[in-house]
Amino acid sequence: MLDSGFTDRTGRRVTLRPVDDDNWRAVADLAPRDDQRDWVPALAARYLLLTMRSDVWTSLAVYADDAVAGHVMWGVDDDGSRWIGGMVVDAAEQGRGVGRAAVRTLADWLAGPDATHPVRLSYHPDNTAAARLYTSLGFAPTGVMEDDELVAELSR
Ligand SMILES: CC(C)(COP(=O)(O)OP(=O)(O)OC[C@H]1O[C@@H](n2cnc3c(N)ncnc32)[C@H](O)[C@@H]1OP(=O)(O)O)[C@@H](O)C(=O)NCCC(=O)NCCS
C-alpha cells in the first residue's frame, strides 16, 4: 500500500493499493462523468484489461478510507522515466481532493527517495480539470505531444 498521509477535503485518508481478488469489481465499475468520456474510457475496466495485457503498466486502486474511489496506473519507460496513466476518479467522488492526493502519492513514490527519476504523464490540452490538477502539482509541458496529448514532466 502507498500511503503518504494525504487526505481529501472531507478528511478521508487517500491510499493506493494493489488491485486484488476483493476489490477488482469495484475498480472495474469506476466511471467518469459522461462529459469526460472524450478523455477516458467509460469504465476503468478498460484500464484493468490494458494492465493485464501489458508488461508495462500496473493498475492501482485509489482508496478514500475504505472506499474504492479511483484508478491510476504506473509504468517505467525504456529511458527509465516513470509514467502515470489511467487516472480516473469515480464521478460521484470527484471534486473532493481524491485526485490531487492520489497523484501526489504516486508521483512522490515514483520519483524515488531523492527524486531522481523523471515522472511524466500526458493529457489532452482541452482536458481542463486534468491540466489544472497536474499543473498545480508541478507538472510542466515538455513540448512533446503523444497521440494528441501533451507530455508533462514533474519539476521540483
Ligand atoms: C481529473 C480528475 C482525476 C481530478 O480528480 P478529482 O478528485 O475530481 O480532483 P480534485 O478534487 O483532487 O481536484 C484537484 C484539482 O483538479 C482541478 N479540477 C478538478 N475538477 C475540476 C473541474 N471540474 N474543472 C476544473 N478543474 C478541476 C482543480 O484544479 C482542482 O484543484 P483544487 O484542489 O484547488 O480545487 C477527475 O476530474 C477525473 O477523473 N476526470 C476524468 C478522467 C480524466 O480526465 N483523467 C485524466 C486523464 S489525463
# chains A, B, ... in the order shown; residues from 1 in each chain; ligands from 1
$ residues_near_ligand --ligand "ligand 1" --cutoff "9 Å" --atoms "only C-alpha atoms and all ligand atoms" --output "PyMOL selection string"
chain A and resi 8-9+31-33+35-41+69-72+84-91+93-103+121-124+127-137+149
$ atom_distance --atom1 "atom CA of A:Ala61" --atom2 "atom CA of A:Asp29"
11.6 Å
$ residues_around --residues "stretch 10-22 of chain A" --least-positions-apart "4" --cutoff "9 Å" --atoms "only C-alpha atoms" --output "mmCIF file with N, CA, C and O atoms, in the first residue's frame"
data_model
loop_
_atom_site.group_PDB
_atom_site.id
_atom_site.type_symbol
_atom_site.label_atom_id
_atom_site.label_comp_id
_atom_site.auth_asym_id
_atom_site.auth_seq_id
_atom_site.Cartn_x
_atom_site.Cartn_y
_atom_site.Cartn_z
ATOM 1 N N MET A 1 0.845 -1.199 0.000
ATOM 2 C CA MET A 1 0.000 0.000 0.000
ATOM 3 C C MET A 1 0.877 1.244 0.000
ATOM 4 O O MET A 1 1.880 1.303 0.694
ATOM 5 N N LEU A 2 0.491 2.234 -0.829
ATOM 6 C CA LEU A 2 1.180 3.521 -0.804
ATOM 7 C C LEU A 2 0.338 4.492 0.011
ATOM 8 O O LEU A 2 -0.831 4.738 -0.327
ATOM 9 N N ASP A 3 0.924 4.993 1.084
ATOM 10 C CA ASP A 3 0.211 5.905 1.986
ATOM 11 C C ASP A 3 1.172 7.022 2.373
ATOM 12 O O ASP A 3 2.119 6.814 3.133
ATOM 13 N N SER A 4 0.953 8.210 1.805
ATOM 14 C CA SER A 4 1.807 9.355 2.141
ATOM 15 C C SER A 4 1.162 10.254 3.174
ATOM 16 O O SER A 4 1.650 11.354 3.427
ATOM 17 N N GLY A 5 0.026 9.815 3.701
ATOM 18 C CA GLY A 5 -0.623 10.584 4.753
ATOM 19 C C GLY A 5 -1.543 11.674 4.246
ATOM 20 O O GLY A 5 -2.045 12.473 5.037
ATOM 21 N N PHE A 6 -1.779 11.722 2.935
ATOM 22 C CA PHE A 6 -2.652 12.772 2.390
ATOM 23 C C PHE A 6 -4.114 12.411 2.614
ATOM 24 O O PHE A 6 -4.498 11.243 2.558
ATOM 25 N N ALA A 26 -15.019 -3.513 -7.877
ATOM 26 C CA ALA A 26 -15.272 -2.097 -7.571
ATOM 27 C C ALA A 26 -14.402 -1.195 -8.442
ATOM 28 O O ALA A 26 -14.850 -0.135 -8.898
ATOM 29 N N VAL A 27 -13.161 -1.611 -8.693
ATOM 30 C CA VAL A 27 -12.278 -0.814 -9.556
ATOM 31 C C VAL A 27 -12.814 -0.826 -10.992
ATOM 32 O O VAL A 27 -12.901 0.220 -11.641
ATOM 33 N N LEU A 48 -8.015 -1.958 -16.544
ATOM 34 C CA LEU A 48 -7.635 -3.251 -15.952
ATOM 35 C C LEU A 48 -7.268 -4.254 -17.048
ATOM 36 O O LEU A 48 -6.304 -5.010 -16.906
ATOM 37 N N THR A 58 0.984 -1.061 -14.496
ATOM 38 C CA THR A 58 0.439 -1.702 -13.292
ATOM 39 C C THR A 58 -0.688 -0.828 -12.756
ATOM 40 O O THR A 58 -0.490 0.370 -12.510
ATOM 41 N N SER A 59 -1.857 -1.429 -12.585
ATOM 42 C CA SER A 59 -3.013 -0.700 -12.049
ATOM 43 C C SER A 59 -2.974 -0.646 -10.530
ATOM 44 O O SER A 59 -2.543 -1.600 -9.875
ATOM 45 N N LEU A 60 -3.470 0.446 -9.989
ATOM 46 C CA LEU A 60 -3.651 0.576 -8.540
ATOM 47 C C LEU A 60 -5.068 1.089 -8.270
ATOM 48 O O LEU A 60 -5.600 1.887 -9.049
ATOM 49 N N ALA A 61 -5.629 0.639 -7.159
ATOM 50 C CA ALA A 61 -6.921 1.161 -6.706
ATOM 51 C C ALA A 61 -6.671 2.352 -5.806
ATOM 52 O O ALA A 61 -5.798 2.308 -4.931
ATOM 53 N N VAL A 62 -7.422 3.424 -6.039
ATOM 54 C CA VAL A 62 -7.337 4.606 -5.181
ATOM 55 C C VAL A 62 -8.436 4.495 -4.125
ATOM 56 O O VAL A 62 -9.620 4.409 -4.467
ATOM 57 N N TYR A 63 -8.029 4.479 -2.880
ATOM 58 C CA TYR A 63 -8.988 4.389 -1.775
ATOM 59 C C TYR A 63 -9.122 5.737 -1.069
ATOM 60 O O TYR A 63 -8.124 6.460 -0.888
ATOM 61 N N ALA A 64 -10.353 6.037 -0.646
ATOM 62 C CA ALA A 64 -10.602 7.133 0.293
ATOM 63 C C ALA A 64 -11.140 6.452 1.541
ATOM 64 O O ALA A 64 -12.254 5.916 1.517
ATOM 65 N N ASP A 65 -10.326 6.402 2.577
ATOM 66 C CA ASP A 65 -10.586 5.493 3.704
ATOM 67 C C ASP A 65 -10.785 4.083 3.136
ATOM 68 O O ASP A 65 -9.906 3.602 2.440
ATOM 69 N N ASP A 66 -11.928 3.458 3.368
ATOM 70 C CA ASP A 66 -12.109 2.084 2.905
ATOM 71 C C ASP A 66 -12.921 1.975 1.624
ATOM 72 O O ASP A 66 -13.312 0.872 1.226
ATOM 73 N N HIS A 71 -8.989 4.954 -9.955
ATOM 74 C CA HIS A 71 -7.978 4.057 -10.540
ATOM 75 C C HIS A 71 -6.822 4.905 -11.037
ATOM 76 O O HIS A 71 -7.016 6.024 -11.526
ATOM 77 N N VAL A 72 -5.623 4.380 -10.918
ATOM 78 C CA VAL A 72 -4.463 5.010 -11.533
ATOM 79 C C VAL A 72 -3.472 3.900 -11.864
ATOM 80 O O VAL A 72 -3.519 2.817 -11.258
ATOM 81 N N ARG A 96 -13.434 16.347 -4.495
ATOM 82 C CA ARG A 96 -13.202 16.258 -3.044
ATOM 83 C C ARG A 96 -11.730 16.174 -2.678
ATOM 84 O O ARG A 96 -11.396 15.963 -1.511
ATOM 85 N N GLY A 97 -10.865 16.262 -3.686
ATOM 86 C CA GLY A 97 -9.439 16.212 -3.384
ATOM 87 C C GLY A 97 -8.815 14.831 -3.483
ATOM 88 O O GLY A 97 -7.638 14.659 -3.154
ATOM 89 N N VAL A 98 -9.607 13.844 -3.959
ATOM 90 C CA VAL A 98 -9.068 12.484 -4.084
ATOM 91 C C VAL A 98 -8.007 12.419 -5.189
ATOM 92 O O VAL A 98 -6.929 11.842 -5.007
ATOM 93 N N ALA A 101 -4.662 14.060 -4.094
ATOM 94 C CA ALA A 101 -3.918 13.241 -3.133
ATOM 95 C C ALA A 101 -3.334 12.001 -3.804
ATOM 96 O O ALA A 101 -2.206 11.588 -3.506
ATOM 97 N N ALA A 102 -4.094 11.409 -4.737
ATOM 98 C CA ALA A 102 -3.623 10.193 -5.403
ATOM 99 C C ALA A 102 -2.405 10.481 -6.278
ATOM 100 O O ALA A 102 -1.408 9.743 -6.242
ATOM 101 N N THR A 105 0.688 11.218 -4.145
ATOM 102 C CA THR A 105 1.212 9.997 -3.530
ATOM 103 C C THR A 105 2.007 9.180 -4.548
ATOM 104 O O THR A 105 3.135 8.738 -4.273
ATOM 105 N N LEU A 106 1.421 8.988 -5.719
ATOM 106 C CA LEU A 106 2.085 8.151 -6.713
ATOM 107 C C LEU A 106 3.339 8.833 -7.264
ATOM 108 O O LEU A 106 4.382 8.192 -7.431
#
$ select_by_dssp --residues "stretch 66-138 of chain A" --states "alpha helix (DSSP H)" --output "number ranges by chain"
A: 98-111, 128-136
$ write_last_selection --atoms "N, CA, C and O atoms" --output "PDB file, in the first residue's frame"
ATOM      1  N   VAL A  98      -9.607  13.844  -3.959  1.00  0.00           N
ATOM      2  CA  VAL A  98      -9.068  12.484  -4.084  1.00  0.00           C
ATOM      3  C   VAL A  98      -8.007  12.419  -5.189  1.00  0.00           C
ATOM      4  O   VAL A  98      -6.929  11.842  -5.007  1.00  0.00           O
ATOM      5  N   GLY A  99      -8.301  13.037  -6.336  1.00  0.00           N
ATOM      6  CA  GLY A  99      -7.359  13.003  -7.451  1.00  0.00           C
ATOM      7  C   GLY A  99      -6.033  13.656  -7.087  1.00  0.00           C
ATOM      8  O   GLY A  99      -4.960  13.126  -7.370  1.00  0.00           O
ATOM      9  N   ARG A 100      -6.113  14.810  -6.428  1.00  0.00           N
ATOM     10  CA  ARG A 100      -4.886  15.515  -6.033  1.00  0.00           C
ATOM     11  C   ARG A 100      -4.036  14.638  -5.089  1.00  0.00           C
ATOM     12  O   ARG A 100      -2.833  14.488  -5.292  1.00  0.00           O
ATOM     13  N   ALA A 101      -4.662  14.060  -4.094  1.00  0.00           N
ATOM     14  CA  ALA A 101      -3.918  13.241  -3.133  1.00  0.00           C
ATOM     15  C   ALA A 101      -3.334  12.001  -3.804  1.00  0.00           C
ATOM     16  O   ALA A 101      -2.206  11.588  -3.506  1.00  0.00           O
ATOM     17  N   ALA A 102      -4.094  11.409  -4.737  1.00  0.00           N
ATOM     18  CA  ALA A 102      -3.623  10.193  -5.403  1.00  0.00           C
ATOM     19  C   ALA A 102      -2.405  10.481  -6.278  1.00  0.00           C
ATOM     20  O   ALA A 102      -1.408   9.743  -6.242  1.00  0.00           O
ATOM     21  N   VAL A 103      -2.466  11.573  -7.061  1.00  0.00           N
ATOM     22  CA  VAL A 103      -1.336  11.881  -7.956  1.00  0.00           C
ATOM     23  C   VAL A 103      -0.096  12.266  -7.138  1.00  0.00           C
ATOM     24  O   VAL A 103       1.023  11.859  -7.453  1.00  0.00           O
ATOM     25  N   ARG A 104      -0.300  13.027  -6.057  1.00  0.00           N
ATOM     26  CA  ARG A 104       0.859  13.388  -5.206  1.00  0.00           C
ATOM     27  C   ARG A 104       1.520  12.134  -4.631  1.00  0.00           C
ATOM     28  O   ARG A 104       2.745  12.005  -4.632  1.00  0.00           O
ATOM     29  N   THR A 105       0.688  11.218  -4.145  1.00  0.00           N
ATOM     30  CA  THR A 105       1.212   9.997  -3.530  1.00  0.00           C
ATOM     31  C   THR A 105       2.007   9.180  -4.548  1.00  0.00           C
ATOM     32  O   THR A 105       3.135   8.738  -4.273  1.00  0.00           O
ATOM     33  N   LEU A 106       1.421   8.988  -5.719  1.00  0.00           N
ATOM     34  CA  LEU A 106       2.085   8.151  -6.713  1.00  0.00           C
ATOM     35  C   LEU A 106       3.339   8.833  -7.264  1.00  0.00           C
ATOM     36  O   LEU A 106       4.382   8.192  -7.431  1.00  0.00           O
ATOM     37  N   ALA A 107       3.247  10.133  -7.544  1.00  0.00           N
ATOM     38  CA  ALA A 107       4.399  10.849  -8.103  1.00  0.00           C
ATOM     39  C   ALA A 107       5.580  10.827  -7.127  1.00  0.00           C
ATOM     40  O   ALA A 107       6.725  10.630  -7.536  1.00  0.00           O
ATOM     41  N   ASP A 108       5.313  11.024  -5.850  1.00  0.00           N
ATOM     42  CA  ASP A 108       6.396  11.000  -4.850  1.00  0.00           C
ATOM     43  C   ASP A 108       7.071   9.636  -4.826  1.00  0.00           C
ATOM     44  O   ASP A 108       8.295   9.521  -4.766  1.00  0.00           O
ATOM     45  N   TRP A 109       6.270   8.587  -4.857  1.00  0.00           N
ATOM     46  CA  TRP A 109       6.821   7.227  -4.804  1.00  0.00           C
ATOM     47  C   TRP A 109       7.623   6.923  -6.074  1.00  0.00           C
ATOM     48  O   TRP A 109       8.726   6.374  -6.015  1.00  0.00           O
ATOM     49  N   LEU A 110       7.064   7.304  -7.234  1.00  0.00           N
ATOM     50  CA  LEU A 110       7.756   7.011  -8.490  1.00  0.00           C
ATOM     51  C   LEU A 110       9.061   7.788  -8.616  1.00  0.00           C
ATOM     52  O   LEU A 110      10.045   7.281  -9.169  1.00  0.00           O
ATOM     53  N   ALA A 111       9.092   9.005  -8.108  1.00  0.00           N
ATOM     54  CA  ALA A 111      10.313   9.821  -8.214  1.00  0.00           C
ATOM     55  C   ALA A 111      11.450   9.203  -7.398  1.00  0.00           C
ATOM     56  O   ALA A 111      12.619   9.367  -7.736  1.00  0.00           O
ATOM     57  N   THR A 128      -9.432  20.406 -19.137  1.00  0.00           N
ATOM     58  CA  THR A 128      -9.028  21.477 -18.211  1.00  0.00           C
ATOM     59  C   THR A 128      -8.896  20.985 -16.772  1.00  0.00           C
ATOM     60  O   THR A 128      -8.023  21.462 -16.047  1.00  0.00           O
ATOM     61  N   ALA A 129      -9.737  20.045 -16.347  1.00  0.00           N
ATOM     62  CA  ALA A 129      -9.619  19.543 -14.967  1.00  0.00           C
ATOM     63  C   ALA A 129      -8.263  18.879 -14.780  1.00  0.00           C
ATOM     64  O   ALA A 129      -7.544  19.139 -13.799  1.00  0.00           O
ATOM     65  N   ALA A 130      -7.881  18.028 -15.741  1.00  0.00           N
ATOM     66  CA  ALA A 130      -6.587  17.344 -15.640  1.00  0.00           C
ATOM     67  C   ALA A 130      -5.443  18.357 -15.731  1.00  0.00           C
ATOM     68  O   ALA A 130      -4.484  18.293 -14.952  1.00  0.00           O
ATOM     69  N   ALA A 131      -5.545  19.303 -16.666  1.00  0.00           N
ATOM     70  CA  ALA A 131      -4.480  20.289 -16.840  1.00  0.00           C
ATOM     71  C   ALA A 131      -4.265  21.086 -15.555  1.00  0.00           C
ATOM     72  O   ALA A 131      -3.130  21.297 -15.114  1.00  0.00           O
ATOM     73  N   ARG A 132      -5.365  21.526 -14.933  1.00  0.00           N
ATOM     74  CA  ARG A 132      -5.228  22.311 -13.690  1.00  0.00           C
ATOM     75  C   ARG A 132      -4.646  21.479 -12.571  1.00  0.00           C
ATOM     76  O   ARG A 132      -3.795  21.949 -11.804  1.00  0.00           O
ATOM     77  N   LEU A 133      -5.135  20.259 -12.452  1.00  0.00           N
ATOM     78  CA  LEU A 133      -4.623  19.378 -11.394  1.00  0.00           C
ATOM     79  C   LEU A 133      -3.118  19.157 -11.563  1.00  0.00           C
ATOM     80  O   LEU A 133      -2.329  19.396 -10.637  1.00  0.00           O
ATOM     81  N   TYR A 134      -2.707  18.734 -12.742  1.00  0.00           N
ATOM     82  CA  TYR A 134      -1.297  18.386 -12.946  1.00  0.00           C
ATOM     83  C   TYR A 134      -0.397  19.625 -12.867  1.00  0.00           C
ATOM     84  O   TYR A 134       0.682  19.576 -12.283  1.00  0.00           O
ATOM     85  N   THR A 135      -0.845  20.738 -13.441  1.00  0.00           N
ATOM     86  CA  THR A 135      -0.032  21.953 -13.395  1.00  0.00           C
ATOM     87  C   THR A 135       0.170  22.407 -11.957  1.00  0.00           C
ATOM     88  O   THR A 135       1.279  22.784 -11.552  1.00  0.00           O
ATOM     89  N   SER A 136      -0.903  22.331 -11.173  1.00  0.00           N
ATOM     90  CA  SER A 136      -0.799  22.804  -9.780  1.00  0.00           C
ATOM     91  C   SER A 136       0.106  21.901  -8.946  1.00  0.00           C
ATOM     92  O   SER A 136       0.624  22.324  -7.916  1.00  0.00           O
TER      93      SER A 136
END
$ atom_distance --atom1 "atom CA of A:Met73" --atom2 "atom CA of A:Glu146"
17.5 Å
$ closest_residue --among "A:Leu43, A:Val76, A:Val119, A:Ala67" --to "A:Asp55" --atoms "only C-alpha atoms"
A:Val76
$ select_by_dssp --residues "stretch 52-154 of chain A" --states "strand (DSSP E or B)" --output "JSON, numbers by chain"
{"A": [57, 58, 59, 60, 61, 62, 63, 64, 67, 68, 69, 70, 71, 72, 73, 74, 75, 76, 82, 83, 84, 85, 86, 87, 88, 89, 119, 120, 121, 122, 123, 139, 140, 141, 142, 143, 144, 145, 146, 149, 150, 151, 152, 153, 154]}
